[in-house]
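Source file upload-v9.cif; content: mmCIF, N, CA and C atoms.
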```
data_protein
#
loop_
_atom_site.label_atom_id
_atom_site.label_comp_id
_atom_site.auth_asym_id
_atom_site.auth_seq_id
_atom_site.Cartn_x
_atom_site.Cartn_y
_atom_site.Cartn_z
N MET D 1 0.84 -1.17 0.00
CA MET D 1 0.00 0.00 0.00
C MET D 1 0.90 1.24 0.00
N ASN D 2 0.57 2.22 -0.87
CA ASN D 2 1.39 3.43 -0.93
C ASN D 2 1.13 4.34 0.27
N LYS D 3 2.03 5.29 0.49
CA LYS D 3 1.97 6.14 1.68
C LYS D 3 0.68 6.97 1.76
N PRO D 4 0.23 7.64 0.68
CA PRO D 4 -1.02 8.38 0.78
C PRO D 4 -2.21 7.49 1.14
N LYS D 5 -2.23 6.29 0.59
CA LYS D 5 -3.31 5.34 0.90
C LYS D 5 -3.24 4.94 2.38
N GLN D 6 -2.04 4.71 2.90
CA GLN D 6 -1.87 4.37 4.32
C GLN D 6 -2.37 5.49 5.21
N LYS D 7 -2.04 6.75 4.85
CA LYS D 7 -2.49 7.90 5.64
C LYS D 7 -4.01 8.01 5.64
N GLY D 8 -4.62 7.79 4.48
CA GLY D 8 -6.07 7.84 4.37
C GLY D 8 -6.73 6.74 5.17
N THR D 9 -6.19 5.54 5.08
CA THR D 9 -6.73 4.40 5.83
C THR D 9 -6.61 4.65 7.33
N TRP D 10 -5.48 5.20 7.76
CA TRP D 10 -5.30 5.51 9.18
C TRP D 10 -6.39 6.47 9.66
N LEU D 11 -6.64 7.55 8.90
CA LEU D 11 -7.64 8.53 9.32
C LEU D 11 -9.04 7.92 9.33
N GLU D 12 -9.39 7.18 8.30
CA GLU D 12 -10.72 6.54 8.25
C GLU D 12 -10.92 5.62 9.45
N THR D 13 -9.93 4.80 9.74
CA THR D 13 -10.02 3.87 10.87
C THR D 13 -10.12 4.62 12.18
N ALA D 14 -9.32 5.68 12.33
CA ALA D 14 -9.35 6.47 13.56
C ALA D 14 -10.71 7.14 13.74
N VAL D 15 -11.32 7.63 12.66
CA VAL D 15 -12.64 8.26 12.74
C VAL D 15 -13.69 7.23 13.19
N VAL D 16 -13.65 6.04 12.59
CA VAL D 16 -14.59 4.99 12.98
C VAL D 16 -14.41 4.62 14.45
N ASP D 17 -13.17 4.37 14.86
CA ASP D 17 -12.91 3.99 16.25
C ASP D 17 -13.37 5.07 17.22
N HIS D 18 -13.10 6.32 16.88
CA HIS D 18 -13.50 7.43 17.75
C HIS D 18 -15.02 7.55 17.84
N ALA D 19 -15.68 7.46 16.69
CA ALA D 19 -17.15 7.53 16.69
C ALA D 19 -17.75 6.39 17.51
N GLN D 20 -17.22 5.20 17.33
CA GLN D 20 -17.72 4.05 18.10
C GLN D 20 -17.48 4.24 19.59
N SER D 21 -16.34 4.82 19.95
CA SER D 21 -16.06 5.05 21.37
C SER D 21 -17.01 6.08 21.96
N ARG D 22 -17.64 6.90 21.11
CA ARG D 22 -18.60 7.89 21.56
C ARG D 22 -20.03 7.36 21.47
N GLY D 23 -20.18 6.07 21.13
CA GLY D 23 -21.49 5.43 21.13
C GLY D 23 -22.22 5.40 19.81
N PHE D 24 -21.55 5.78 18.72
CA PHE D 24 -22.19 5.77 17.41
C PHE D 24 -21.93 4.46 16.69
N LYS D 25 -22.87 4.07 15.85
CA LYS D 25 -22.66 2.97 14.92
C LYS D 25 -21.95 3.57 13.72
N ALA D 26 -20.75 3.11 13.44
CA ALA D 26 -19.95 3.65 12.34
C ALA D 26 -19.13 2.55 11.72
N THR D 27 -18.87 2.67 10.41
CA THR D 27 -18.08 1.67 9.70
C THR D 27 -17.40 2.31 8.50
N ARG D 28 -16.23 1.77 8.14
CA ARG D 28 -15.60 2.17 6.88
C ARG D 28 -16.40 1.56 5.75
N THR D 29 -16.42 2.24 4.61
CA THR D 29 -17.19 1.74 3.48
C THR D 29 -16.28 1.10 2.45
N ALA D 30 -16.87 0.27 1.63
CA ALA D 30 -16.14 -0.34 0.52
C ALA D 30 -15.93 0.72 -0.56
N GLN D 31 -14.93 0.54 -1.39
CA GLN D 31 -14.68 1.47 -2.49
C GLN D 31 -15.56 1.09 -3.67
N TYR D 32 -16.16 2.12 -4.29
CA TYR D 32 -17.08 1.90 -5.41
C TYR D 32 -16.64 2.64 -6.67
N GLY D 33 -15.37 3.02 -6.76
CA GLY D 33 -14.88 3.73 -7.94
C GLY D 33 -15.61 5.05 -8.14
N ASN D 34 -16.17 5.25 -9.36
CA ASN D 34 -16.85 6.52 -9.63
C ASN D 34 -18.22 6.60 -8.95
N GLN D 35 -18.62 5.57 -8.28
CA GLN D 35 -19.87 5.58 -7.49
C GLN D 35 -19.56 5.60 -5.99
N ASP D 36 -18.44 6.23 -5.64
CA ASP D 36 -17.98 6.30 -4.25
C ASP D 36 -19.10 6.79 -3.34
N ARG D 37 -19.21 6.18 -2.18
CA ARG D 37 -20.27 6.51 -1.22
C ARG D 37 -19.71 7.06 0.08
N GLY D 38 -18.49 7.60 0.04
CA GLY D 38 -17.86 8.16 1.22
C GLY D 38 -16.89 7.18 1.84
N ASP D 39 -16.13 7.66 2.81
CA ASP D 39 -15.13 6.82 3.46
C ASP D 39 -15.68 6.13 4.69
N VAL D 40 -16.57 6.81 5.40
CA VAL D 40 -17.14 6.29 6.64
C VAL D 40 -18.64 6.53 6.60
N HIS D 41 -19.39 5.55 7.05
CA HIS D 41 -20.83 5.73 7.26
C HIS D 41 -21.09 5.68 8.75
N LEU D 42 -21.87 6.64 9.21
CA LEU D 42 -22.24 6.75 10.62
C LEU D 42 -23.75 6.91 10.66
N TRP D 43 -24.38 6.32 11.67
CA TRP D 43 -25.82 6.43 11.81
C TRP D 43 -26.15 7.22 13.07
N THR D 44 -27.06 8.18 12.93
CA THR D 44 -27.50 8.96 14.06
C THR D 44 -28.43 8.10 14.92
N PRO D 45 -28.73 8.53 16.14
CA PRO D 45 -29.63 7.74 16.99
C PRO D 45 -30.99 7.46 16.35
N ASP D 46 -31.46 8.36 15.46
CA ASP D 46 -32.76 8.11 14.82
C ASP D 46 -32.63 7.27 13.55
N GLY D 47 -31.41 6.81 13.24
CA GLY D 47 -31.20 5.92 12.09
C GLY D 47 -30.82 6.62 10.80
N SER D 48 -30.63 7.94 10.82
CA SER D 48 -30.23 8.65 9.61
C SER D 48 -28.77 8.35 9.27
N LEU D 49 -28.51 8.17 7.98
CA LEU D 49 -27.15 7.91 7.51
C LEU D 49 -26.39 9.22 7.35
N VAL D 50 -25.18 9.26 7.89
CA VAL D 50 -24.27 10.39 7.73
C VAL D 50 -23.04 9.88 6.98
N VAL D 51 -22.74 10.52 5.86
CA VAL D 51 -21.56 10.17 5.07
C VAL D 51 -20.40 11.05 5.51
N ILE D 52 -19.25 10.43 5.75
CA ILE D 52 -18.06 11.16 6.15
C ILE D 52 -16.97 10.94 5.11
N GLU D 53 -16.45 12.03 4.60
CA GLU D 53 -15.32 12.01 3.68
C GLU D 53 -14.08 12.40 4.46
N CYS D 54 -13.05 11.56 4.45
CA CYS D 54 -11.83 11.81 5.22
C CYS D 54 -10.71 12.28 4.31
N LYS D 55 -10.00 13.33 4.75
CA LYS D 55 -8.88 13.88 3.99
C LYS D 55 -7.68 14.01 4.91
N ASN D 56 -6.64 13.23 4.64
CA ASN D 56 -5.41 13.30 5.43
C ASN D 56 -4.32 13.94 4.60
N THR D 57 -4.57 15.19 4.22
CA THR D 57 -3.62 15.97 3.42
C THR D 57 -3.49 17.36 4.05
N PRO D 58 -2.97 17.43 5.29
CA PRO D 58 -2.96 18.71 6.00
C PRO D 58 -2.18 19.82 5.32
N GLY D 59 -1.23 19.49 4.47
CA GLY D 59 -0.47 20.51 3.78
C GLY D 59 -1.17 21.04 2.54
N LYS D 60 -2.26 20.37 2.12
CA LYS D 60 -2.97 20.75 0.89
C LYS D 60 -4.47 20.88 1.16
N LEU D 61 -4.81 21.76 2.06
CA LEU D 61 -6.21 21.95 2.45
C LEU D 61 -7.00 22.54 1.30
N ASP D 62 -8.01 21.80 0.80
CA ASP D 62 -8.85 22.26 -0.31
C ASP D 62 -10.30 22.00 0.06
N LEU D 63 -10.88 22.94 0.83
CA LEU D 63 -12.26 22.77 1.30
C LEU D 63 -13.27 22.67 0.17
N PRO D 64 -13.22 23.53 -0.85
CA PRO D 64 -14.22 23.40 -1.91
C PRO D 64 -14.21 22.02 -2.57
N ALA D 65 -13.03 21.48 -2.83
CA ALA D 65 -12.94 20.16 -3.46
C ALA D 65 -13.48 19.08 -2.53
N ALA D 66 -13.16 19.15 -1.24
CA ALA D 66 -13.65 18.16 -0.29
C ALA D 66 -15.17 18.20 -0.20
N LEU D 67 -15.76 19.40 -0.19
CA LEU D 67 -17.21 19.51 -0.09
C LEU D 67 -17.90 19.11 -1.39
N ARG D 68 -17.28 19.36 -2.53
CA ARG D 68 -17.85 18.87 -3.81
C ARG D 68 -17.86 17.35 -3.82
N GLN D 69 -16.75 16.74 -3.39
CA GLN D 69 -16.67 15.28 -3.35
C GLN D 69 -17.70 14.73 -2.37
N LEU D 70 -17.84 15.36 -1.23
CA LEU D 70 -18.83 14.94 -0.24
C LEU D 70 -20.24 14.99 -0.81
N ALA D 71 -20.58 16.03 -1.54
CA ALA D 71 -21.92 16.16 -2.13
C ALA D 71 -22.23 14.99 -3.06
N VAL D 72 -21.26 14.62 -3.89
CA VAL D 72 -21.44 13.48 -4.80
C VAL D 72 -21.62 12.19 -4.01
N GLU D 73 -20.79 12.00 -2.98
CA GLU D 73 -20.83 10.76 -2.21
C GLU D 73 -22.13 10.65 -1.41
N LYS D 74 -22.63 11.76 -0.88
CA LYS D 74 -23.92 11.73 -0.18
C LYS D 74 -25.02 11.28 -1.14
N GLU D 75 -25.00 11.83 -2.35
CA GLU D 75 -26.01 11.45 -3.34
C GLU D 75 -25.89 9.97 -3.70
N ASN D 76 -24.66 9.51 -3.94
CA ASN D 76 -24.45 8.10 -4.28
C ASN D 76 -24.93 7.17 -3.18
N ALA D 77 -24.77 7.59 -1.92
CA ALA D 77 -25.16 6.75 -0.77
C ALA D 77 -26.62 6.93 -0.40
N GLY D 78 -27.28 7.91 -1.00
CA GLY D 78 -28.68 8.18 -0.65
C GLY D 78 -28.81 8.82 0.73
N ALA D 79 -27.79 9.57 1.13
CA ALA D 79 -27.78 10.21 2.45
C ALA D 79 -28.08 11.70 2.30
N LEU D 80 -28.75 12.25 3.30
CA LEU D 80 -29.04 13.68 3.31
C LEU D 80 -27.99 14.45 4.11
N LEU D 81 -27.25 13.74 4.96
CA LEU D 81 -26.31 14.38 5.88
C LEU D 81 -24.88 13.95 5.60
N GLY D 82 -23.94 14.84 5.89
CA GLY D 82 -22.54 14.47 5.72
C GLY D 82 -21.61 15.58 6.14
N PHE D 83 -20.36 15.21 6.33
CA PHE D 83 -19.31 16.18 6.61
C PHE D 83 -17.97 15.57 6.25
N ALA D 84 -16.99 16.45 6.09
CA ALA D 84 -15.63 16.01 5.80
C ALA D 84 -14.80 16.13 7.07
N VAL D 85 -14.00 15.11 7.34
CA VAL D 85 -13.02 15.18 8.43
C VAL D 85 -11.68 15.42 7.78
N ILE D 86 -11.04 16.51 8.19
CA ILE D 86 -9.78 16.91 7.58
C ILE D 86 -8.70 16.94 8.66
N LYS D 87 -7.63 16.20 8.42
CA LYS D 87 -6.52 16.09 9.38
C LYS D 87 -5.88 17.45 9.58
N ARG D 88 -5.72 17.82 10.84
CA ARG D 88 -5.03 19.07 11.18
C ARG D 88 -3.55 18.81 11.30
N LYS D 89 -2.76 19.65 10.69
CA LYS D 89 -1.31 19.52 10.73
C LYS D 89 -0.82 19.66 12.17
N GLY D 90 -0.05 18.67 12.61
CA GLY D 90 0.55 18.71 13.95
C GLY D 90 -0.38 18.35 15.09
N VAL D 91 -1.59 17.92 14.78
CA VAL D 91 -2.55 17.56 15.83
C VAL D 91 -2.86 16.07 15.70
N GLY D 92 -2.46 15.30 16.71
CA GLY D 92 -2.65 13.85 16.65
C GLY D 92 -3.98 13.37 17.19
N ALA D 93 -4.57 14.08 18.14
CA ALA D 93 -5.82 13.62 18.76
C ALA D 93 -6.95 13.63 17.73
N ILE D 94 -7.53 12.48 17.49
CA ILE D 94 -8.54 12.35 16.44
C ILE D 94 -9.75 13.24 16.70
N GLY D 95 -10.13 13.42 17.94
CA GLY D 95 -11.28 14.26 18.26
C GLY D 95 -11.06 15.74 18.02
N ARG D 96 -9.83 16.12 17.71
CA ARG D 96 -9.52 17.53 17.48
C ARG D 96 -9.27 17.85 16.00
N GLN D 97 -9.61 16.92 15.12
CA GLN D 97 -9.47 17.18 13.69
C GLN D 97 -10.63 18.07 13.24
N TYR D 98 -10.50 18.67 12.07
CA TYR D 98 -11.56 19.53 11.54
C TYR D 98 -12.71 18.68 11.03
N ALA D 99 -13.92 19.10 11.33
CA ALA D 99 -15.13 18.54 10.73
C ALA D 99 -15.80 19.69 9.98
N VAL D 100 -15.92 19.56 8.66
CA VAL D 100 -16.37 20.66 7.82
C VAL D 100 -17.59 20.24 7.02
N THR D 101 -18.56 21.12 6.98
CA THR D 101 -19.75 20.89 6.16
C THR D 101 -20.34 22.23 5.78
N GLU D 102 -21.36 22.21 4.96
CA GLU D 102 -22.08 23.43 4.64
C GLU D 102 -23.06 23.73 5.77
N LEU D 103 -23.45 24.98 5.92
CA LEU D 103 -24.30 25.41 7.02
C LEU D 103 -25.59 24.60 7.10
N ASP D 104 -26.27 24.39 5.97
CA ASP D 104 -27.53 23.64 6.03
C ASP D 104 -27.33 22.22 6.55
N ASP D 105 -26.24 21.57 6.15
CA ASP D 105 -25.96 20.22 6.67
C ASP D 105 -25.69 20.28 8.17
N ALA D 106 -24.97 21.30 8.62
CA ALA D 106 -24.70 21.42 10.06
C ALA D 106 -26.00 21.60 10.83
N LEU D 107 -26.89 22.42 10.31
CA LEU D 107 -28.18 22.62 10.97
C LEU D 107 -29.00 21.33 10.96
N ASP D 108 -28.98 20.60 9.84
CA ASP D 108 -29.70 19.33 9.76
C ASP D 108 -29.13 18.31 10.75
N LEU D 109 -27.80 18.32 10.94
CA LEU D 109 -27.19 17.40 11.91
C LEU D 109 -27.65 17.72 13.33
N CYS D 110 -27.94 18.99 13.59
CA CYS D 110 -28.42 19.38 14.93
C CYS D 110 -29.85 18.94 15.17
N GLY D 111 -30.60 18.71 14.12
CA GLY D 111 -31.99 18.28 14.26
C GLY D 111 -32.92 19.47 14.40
N PRO D 112 -34.21 19.21 14.27
CA PRO D 112 -35.20 20.28 14.37
C PRO D 112 -35.29 20.80 15.81
N VAL D 113 -35.64 22.05 15.91
CA VAL D 113 -35.81 22.68 17.21
C VAL D 113 -37.26 23.13 17.33
N ALA D 114 -37.87 22.82 18.46
CA ALA D 114 -39.26 23.20 18.69
C ALA D 114 -39.31 24.62 19.24
N TRP D 115 -38.94 25.57 18.41
CA TRP D 115 -38.91 26.97 18.81
C TRP D 115 -39.18 27.82 17.59
N THR D 116 -39.93 28.89 17.75
CA THR D 116 -40.15 29.83 16.66
C THR D 116 -39.59 31.18 17.08
N PRO D 117 -39.18 31.99 16.11
CA PRO D 117 -38.57 33.28 16.47
C PRO D 117 -39.49 34.19 17.30
N GLU D 118 -40.80 33.96 17.23
CA GLU D 118 -41.72 34.80 17.99
C GLU D 118 -41.68 34.48 19.49
N GLU D 119 -41.20 33.29 19.84
CA GLU D 119 -41.17 32.87 21.25
C GLU D 119 -39.89 33.36 21.91
N PRO D 120 -39.99 33.79 23.18
CA PRO D 120 -38.77 34.15 23.90
C PRO D 120 -37.99 32.90 24.27
N PHE D 121 -36.70 33.07 24.51
CA PHE D 121 -35.89 31.96 24.99
C PHE D 121 -36.36 31.64 26.36
#
```
Reformat the file's structure so that it appears as structure tokens.
Amino acid sequence: MNKPKQKGTWLETAVVDHAQSRGFKATRTAQYGNQDRGDVHLWTPDGSLVVIECKNTPGKLDLPAALRQLAVEKENAGALLGFAVIKRKGVGAIGRQYAVTELDDALDLCGPVAWTPEEPF
């Protein structure tokens, strides 16, 4: 296995292990070529599928490309939710890596809130 592949595999495995240690059902996915469905699949407590795209290229941070790839992989997997985990340069703790998504996906991950702007906090 080449070095970039090893780095990617390490990050995917670390994300799965960390998610599982936090009580989530998570697994690495099989490779599907041009029908890629993400690197990790995680299920929320209500059973929703979350696609995770992992990038272990801290010296070449390309958020637009990662989010474009994530959008395709979410569609291929039939998932509405997803985010990219991007390795931070010089940071080894897996829980401190970047998790990046678009605002609407972040709000969807938070779930609906039973509050309207007319109501006081």
Quiz item: Applied to the shown file, which residues does the PyMOL selection byres (((chain D and resi 79-88 and name CA) around 9) and name CA) return, written as an NGL selection string?
Solution: :D and (11-12 or 15 or 48-59 or 61 or 63 or 66-67 or 70-71 or 73-78 or 89-92 or 94 or 96-102 or 105-106 or 108-109)
Exercise. Looking only at strand (DSSP E) from DSSP on the backbone, list the matching residues of segment 24-111 of chain D as JSON, numbers by chain.
Key: {"D": [25, 26, 27, 28, 40, 41, 42, 43, 49, 50, 51, 52, 53, 54, 55, 81, 82, 83, 84, 85, 86, 98, 99, 100]}
Exercise. Work out how far apart atom CA of Ala14 of chain D and atom CA of Asp39 of chain D are and give it in Å to one decimal.
Key: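 So the answer is 11.6 Å.
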Quiz item: Taking the backbone alone, and naming residues the way the document does, which bits of segment 4-102 of chain D are alpha helix (DSSP H) by DSSP, as an MDAnalysis selection string?
Solution: chainID D and resid 4:21 63:77
Expected file: the selected residues, N, CA and C atoms, as an mmCIF file, in the frame of the given file:
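File result.cif, as written:
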```
data_model
loop_
_atom_site.group_PDB
_atom_site.id
_atom_site.type_symbol
_atom_site.label_atom_id
_atom_site.label_comp_id
_atom_site.auth_asym_id
_atom_site.auth_seq_id
_atom_site.Cartn_x
_atom_site.Cartn_y
_atom_site.Cartn_z
ATOM 1 N N PRO D 4 0.230 7.640 0.680
ATOM 2 C CA PRO D 4 -1.020 8.380 0.780
ATOM 3 C C PRO D 4 -2.210 7.490 1.140
ATOM 4 N N LYS D 5 -2.230 6.290 0.590
ATOM 5 C CA LYS D 5 -3.310 5.340 0.900
ATOM 6 C C LYS D 5 -3.240 4.940 2.380
ATOM 7 N N GLN D 6 -2.040 4.710 2.900
ATOM 8 C CA GLN D 6 -1.870 4.370 4.320
ATOM 9 C C GLN D 6 -2.370 5.490 5.210
ATOM 10 N N LYS D 7 -2.040 6.750 4.850
ATOM 11 C CA LYS D 7 -2.490 7.900 5.640
ATOM 12 C C LYS D 7 -4.010 8.010 5.640
ATOM 13 N N GLY D 8 -4.620 7.790 4.480
ATOM 14 C CA GLY D 8 -6.070 7.840 4.370
ATOM 15 C C GLY D 8 -6.730 6.740 5.170
ATOM 16 N N THR D 9 -6.190 5.540 5.080
ATOM 17 C CA THR D 9 -6.730 4.400 5.830
ATOM 18 C C THR D 9 -6.610 4.650 7.330
ATOM 19 N N TRP D 10 -5.480 5.200 7.760
ATOM 20 C CA TRP D 10 -5.300 5.510 9.180
ATOM 21 C C TRP D 10 -6.390 6.470 9.660
ATOM 22 N N LEU D 11 -6.640 7.550 8.900
ATOM 23 C CA LEU D 11 -7.640 8.530 9.320
ATOM 24 C C LEU D 11 -9.040 7.920 9.330
ATOM 25 N N GLU D 12 -9.390 7.180 8.300
ATOM 26 C CA GLU D 12 -10.720 6.540 8.250
ATOM 27 C C GLU D 12 -10.920 5.620 9.450
ATOM 28 N N THR D 13 -9.930 4.800 9.740
ATOM 29 C CA THR D 13 -10.020 3.870 10.870
ATOM 30 C C THR D 13 -10.120 4.620 12.180
ATOM 31 N N ALA D 14 -9.320 5.680 12.330
ATOM 32 C CA ALA D 14 -9.350 6.470 13.560
ATOM 33 C C ALA D 14 -10.710 7.140 13.740
ATOM 34 N N VAL D 15 -11.320 7.630 12.660
ATOM 35 C CA VAL D 15 -12.640 8.260 12.740
ATOM 36 C C VAL D 15 -13.690 7.230 13.190
ATOM 37 N N VAL D 16 -13.650 6.040 12.590
ATOM 38 C CA VAL D 16 -14.590 4.990 12.980
ATOM 39 C C VAL D 16 -14.410 4.620 14.450
ATOM 40 N N ASP D 17 -13.170 4.370 14.860
ATOM 41 C CA ASP D 17 -12.910 3.990 16.250
ATOM 42 C C ASP D 17 -13.370 5.070 17.220
ATOM 43 N N HIS D 18 -13.100 6.320 16.880
ATOM 44 C CA HIS D 18 -13.500 7.430 17.750
ATOM 45 C C HIS D 18 -15.020 7.550 17.840
ATOM 46 N N ALA D 19 -15.680 7.460 16.690
ATOM 47 C CA ALA D 19 -17.150 7.530 16.690
ATOM 48 C C ALA D 19 -17.750 6.390 17.510
ATOM 49 N N GLN D 20 -17.220 5.200 17.330
ATOM 50 C CA GLN D 20 -17.720 4.050 18.100
ATOM 51 C C GLN D 20 -17.480 4.240 19.590
ATOM 52 N N SER D 21 -16.340 4.820 19.950
ATOM 53 C CA SER D 21 -16.060 5.050 21.370
ATOM 54 C C SER D 21 -17.010 6.080 21.960
ATOM 55 N N LEU D 63 -10.880 22.940 0.830
ATOM 56 C CA LEU D 63 -12.260 22.770 1.300
ATOM 57 C C LEU D 63 -13.270 22.670 0.170
ATOM 58 N N PRO D 64 -13.220 23.530 -0.850
ATOM 59 C CA PRO D 64 -14.220 23.400 -1.910
ATOM 60 C C PRO D 64 -14.210 22.020 -2.570
ATOM 61 N N ALA D 65 -13.030 21.480 -2.830
ATOM 62 C CA ALA D 65 -12.940 20.160 -3.460
ATOM 63 C C ALA D 65 -13.480 19.080 -2.530
ATOM 64 N N ALA D 66 -13.160 19.150 -1.240
ATOM 65 C CA ALA D 66 -13.650 18.160 -0.290
ATOM 66 C C ALA D 66 -15.170 18.200 -0.200
ATOM 67 N N LEU D 67 -15.760 19.400 -0.190
ATOM 68 C CA LEU D 67 -17.210 19.510 -0.090
ATOM 69 C C LEU D 67 -17.900 19.110 -1.390
ATOM 70 N N ARG D 68 -17.280 19.360 -2.530
ATOM 71 C CA ARG D 68 -17.850 18.870 -3.810
ATOM 72 C C ARG D 68 -17.860 17.350 -3.820
ATOM 73 N N GLN D 69 -16.750 16.740 -3.390
ATOM 74 C CA GLN D 69 -16.670 15.280 -3.350
ATOM 75 C C GLN D 69 -17.700 14.730 -2.370
ATOM 76 N N LEU D 70 -17.840 15.360 -1.230
ATOM 77 C CA LEU D 70 -18.830 14.940 -0.240
ATOM 78 C C LEU D 70 -20.240 14.990 -0.810
ATOM 79 N N ALA D 71 -20.580 16.030 -1.540
ATOM 80 C CA ALA D 71 -21.920 16.160 -2.130
ATOM 81 C C ALA D 71 -22.230 14.990 -3.060
ATOM 82 N N VAL D 72 -21.260 14.620 -3.890
ATOM 83 C CA VAL D 72 -21.440 13.480 -4.800
ATOM 84 C C VAL D 72 -21.620 12.190 -4.010
ATOM 85 N N GLU D 73 -20.790 12.000 -2.980
ATOM 86 C CA GLU D 73 -20.830 10.760 -2.210
ATOM 87 C C GLU D 73 -22.130 10.650 -1.410
ATOM 88 N N LYS D 74 -22.630 11.760 -0.880
ATOM 89 C CA LYS D 74 -23.920 11.730 -0.180
ATOM 90 C C LYS D 74 -25.020 11.280 -1.140
ATOM 91 N N GLU D 75 -25.000 11.830 -2.350
ATOM 92 C CA GLU D 75 -26.010 11.450 -3.340
ATOM 93 C C GLU D 75 -25.890 9.970 -3.700
ATOM 94 N N ASN D 76 -24.660 9.510 -3.940
ATOM 95 C CA ASN D 76 -24.450 8.100 -4.280
ATOM 96 C C ASN D 76 -24.930 7.170 -3.180
ATOM 97 N N ALA D 77 -24.770 7.590 -1.920
ATOM 98 C CA ALA D 77 -25.160 6.750 -0.770
ATOM 99 C C ALA D 77 -26.620 6.930 -0.400
#
```
Quiz item: Between atom CA of Asn2 of chain D and atom CA of Lys25 of chain D, what is the spacing in Å?
Solution: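 Computed distance, atom CA of Lys25 of chain D to atom CA of Asn2 of chain D, equals 28.8 Å.
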Quiz item: In Å, with one decimal, what is the gap from atom CA of Thr9 of chain D to atom CA of Phe24 of chain D?
Solution: 19.4 Å
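Using only N, CA and C atoms, the contacts of Arg28 of chain D at a cut-off of 7 Å, with sequence neighbours closer than 3 positions omitted, comprise Glu12, Thr13, Val16, Gly38, Asp39, Val40 and His41 of chain D.
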